[in-house]
Amino acid sequence: MKINKRAKREAKQLFRSCLVNGLLDESRVRRVVELVVAAGRRDCPAILSHFGRLVKLELARHTATIESATPLPADLQTALEAGLTRRYGRGLTAAFAHRPALIGGMRIQVGCDVYDGSVQGRLAALENAL
């Protein structure tokens, strides 16, 4: 579906109204969706589509996925969370995962930023270089 400029502009305004102190407020998001659907406008699907995309990107920006080859001790998890919170701001949620396929090291993803210090990542980079 092609989204026109007006629908994008309205979706951005609605999205901004859902931010409270720089963080997304879930209850406001629900209320905005209810109001747009209740309005029954012709461009409602386009507005909600773009609004959903903006919400999804904001949630990804405040979610850190930390994968490691071995389970991380609690003190290291706490230190990683604190460091990521300093770098990306408050409201960051961290999810830790054990992934043996990494062989060694860890991989951190926050939104579009990826920090790959795993053996698997280094082997893949070496393979691409050859």
# chains A, B, ... in the order shown; residues from 1 in each chain; ligands from 1
call {"tool": "select_by_dssp", "arguments": {"residues": "stretch 10-85 of chain A", "states": "strand (DSSP E)", "output": "list of chain:residue names"}}
result
A:Leu19, A:Val20, A:Leu23, A:Leu24, A:Thr63, A:Ala64, A:Thr65, A:Ile66, A:Glu67, A:Ser68
call {"tool": "write_last_selection", "arguments": {"atoms": "N, CA and C atoms", "output": "short mmCIF file (atom, residue, chain, number, x, y, z; two decimals), in the first residue's frame"}}
result
data_model
loop_
_atom_site.label_atom_id
_atom_site.label_comp_id
_atom_site.auth_asym_id
_atom_site.auth_seq_id
_atom_site.Cartn_x
_atom_site.Cartn_y
_atom_site.Cartn_z
N LEU A 19 4.46 9.98 23.05
CA LEU A 19 5.71 10.03 23.80
C LEU A 19 5.53 10.85 25.07
N VAL A 20 5.96 10.28 26.19
CA VAL A 20 5.92 10.96 27.48
C VAL A 20 7.33 10.96 28.03
N LEU A 23 9.72 8.67 26.22
CA LEU A 23 9.42 7.24 26.20
C LEU A 23 8.01 7.01 25.70
N LEU A 24 7.82 5.91 25.01
CA LEU A 24 6.52 5.56 24.45
C LEU A 24 5.57 5.10 25.55
N THR A 63 15.18 -1.77 22.91
CA THR A 63 15.30 -3.18 23.27
C THR A 63 16.70 -3.67 22.89
N ALA A 64 17.38 -4.23 23.86
CA ALA A 64 18.72 -4.78 23.62
C ALA A 64 18.64 -6.30 23.69
N THR A 65 19.16 -6.97 22.66
CA THR A 65 19.23 -8.42 22.64
C THR A 65 20.71 -8.79 22.79
N ILE A 66 21.01 -9.50 23.85
CA ILE A 66 22.40 -9.87 24.14
C ILE A 66 22.50 -11.39 24.07
N GLU A 67 23.25 -11.87 23.09
CA GLU A 67 23.44 -13.31 22.90
C GLU A 67 24.87 -13.66 23.25
N SER A 68 25.04 -14.76 23.95
CA SER A 68 26.38 -15.21 24.31
C SER A 68 26.49 -16.71 24.13
#
call {"tool": "residues_around", "arguments": {"residues": "stretch 34-44 of chain A", "least_positions_apart": "6", "cutoff": "12 Å", "atoms": "only C-alpha atoms", "output": "PyMOL selection string"}}
result
chain A and resi 1-8+10-11+14+27-28+50-52
call {"tool": "residues_around", "arguments": {"residues": "A:Gly83", "least_positions_apart": "5", "cutoff": "12 Å", "atoms": "only C-alpha atoms", "output": "ChimeraX atom specification"}}
result
/A:64,76-78,88-90,92,94,108
call {"tool": "atom_distance", "arguments": {"atom1": "atom CA of A:Gly105", "atom2": "atom CA of A:Gly117"}}
result
5.6 Å
call {"tool": "select_by_dssp", "arguments": {"residues": "chain A", "states": "alpha helix (DSSP H)", "output": "short mmCIF file (atom, residue, chain, number, x, y, z; two decimals) with C-alpha atoms, in the first residue's frame"}}
result
data_model
loop_
_atom_site.label_atom_id
_atom_site.label_comp_id
_atom_site.auth_asym_id
_atom_site.auth_seq_id
_atom_site.Cartn_x
_atom_site.Cartn_y
_atom_site.Cartn_z
CA LYS A 5 2.46 12.46 2.58
CA ARG A 6 -0.60 13.62 4.48
CA ALA A 7 -1.14 10.20 6.07
CA LYS A 8 2.56 10.01 7.02
CA ARG A 9 2.44 13.48 8.55
CA GLU A 10 -0.65 12.64 10.59
CA ALA A 11 0.88 9.34 11.74
CA LYS A 12 4.02 11.18 12.90
CA GLN A 13 1.92 13.71 14.83
CA LEU A 14 -0.03 10.90 16.48
CA PHE A 15 3.22 9.10 17.30
CA ARG A 16 4.69 12.23 18.92
CA SER A 17 1.57 12.55 21.05
CA GLU A 26 1.50 2.09 25.80
CA SER A 27 -1.87 3.37 27.00
CA ARG A 28 -1.62 6.40 24.71
CA VAL A 29 -0.75 4.16 21.76
CA ARG A 30 -3.85 2.05 22.39
CA ARG A 31 -6.02 5.16 22.73
CA VAL A 32 -4.68 6.65 19.48
CA VAL A 33 -5.44 3.45 17.58
CA GLU A 34 -8.96 3.34 19.04
CA LEU A 35 -9.60 6.98 18.08
CA VAL A 36 -8.30 6.59 14.52
CA VAL A 37 -10.39 3.45 13.96
CA ALA A 38 -13.47 5.10 15.49
CA ALA A 39 -13.06 8.11 13.19
CA CYS A 44 -7.32 5.09 8.28
CA PRO A 45 -5.38 1.97 7.11
CA ALA A 46 -2.55 4.09 5.71
CA ILE A 47 -2.26 6.17 8.88
CA LEU A 48 -2.32 3.11 11.13
CA SER A 49 0.19 1.31 8.94
CA HIS A 50 2.74 4.10 9.20
CA PHE A 51 1.93 4.67 12.90
CA GLY A 52 2.55 0.96 13.57
CA ARG A 53 5.87 1.16 11.77
CA LEU A 54 6.96 4.13 13.90
CA VAL A 55 5.93 2.35 17.11
CA LYS A 56 7.79 -0.81 16.05
CA LEU A 57 10.99 1.15 15.33
CA GLU A 58 10.78 2.96 18.68
CA LEU A 59 10.33 -0.31 20.56
CA ALA A 60 13.32 -1.83 18.74
CA ARG A 61 15.40 1.23 19.62
CA ALA A 74 24.29 -12.11 37.03
CA ASP A 75 26.96 -9.51 37.82
CA LEU A 76 28.07 -9.35 34.17
CA GLN A 77 24.45 -9.05 33.03
CA THR A 78 23.94 -6.14 35.42
CA ALA A 79 27.12 -4.43 34.22
CA LEU A 80 26.12 -4.87 30.57
CA GLU A 81 22.65 -3.44 31.23
CA ALA A 82 24.15 -0.45 33.05
CA GLY A 83 26.60 0.24 30.22
CA LEU A 84 23.93 -0.02 27.55
CA THR A 85 21.59 2.22 29.56
CA ARG A 86 24.35 4.84 29.80
CA ARG A 87 24.87 4.68 26.05
CA TYR A 88 21.25 4.45 24.85
CA VAL A 119 33.93 -16.20 17.11
CA GLN A 120 31.20 -17.05 14.59
CA GLY A 121 31.09 -13.41 13.43
CA ARG A 122 34.87 -13.27 13.06
CA LEU A 123 34.91 -16.52 11.08
CA ALA A 124 32.19 -15.17 8.78
CA ALA A 125 34.17 -11.95 8.25
CA LEU A 126 37.31 -13.97 7.49
CA GLU A 127 35.37 -16.13 5.04
CA ASN A 128 34.08 -13.03 3.23
CA ALA A 129 37.60 -11.60 3.05
#
call {"tool": "atom_distance", "arguments": {"atom1": "atom CA of A:Gln109", "atom2": "atom CA of A:Leu130"}}
result
26.2 Å
call {"tool": "atom_distance", "arguments": {"atom1": "atom CA of A:Asn21", "atom2": "atom CA of A:Ala97"}}
result
29.8 Å
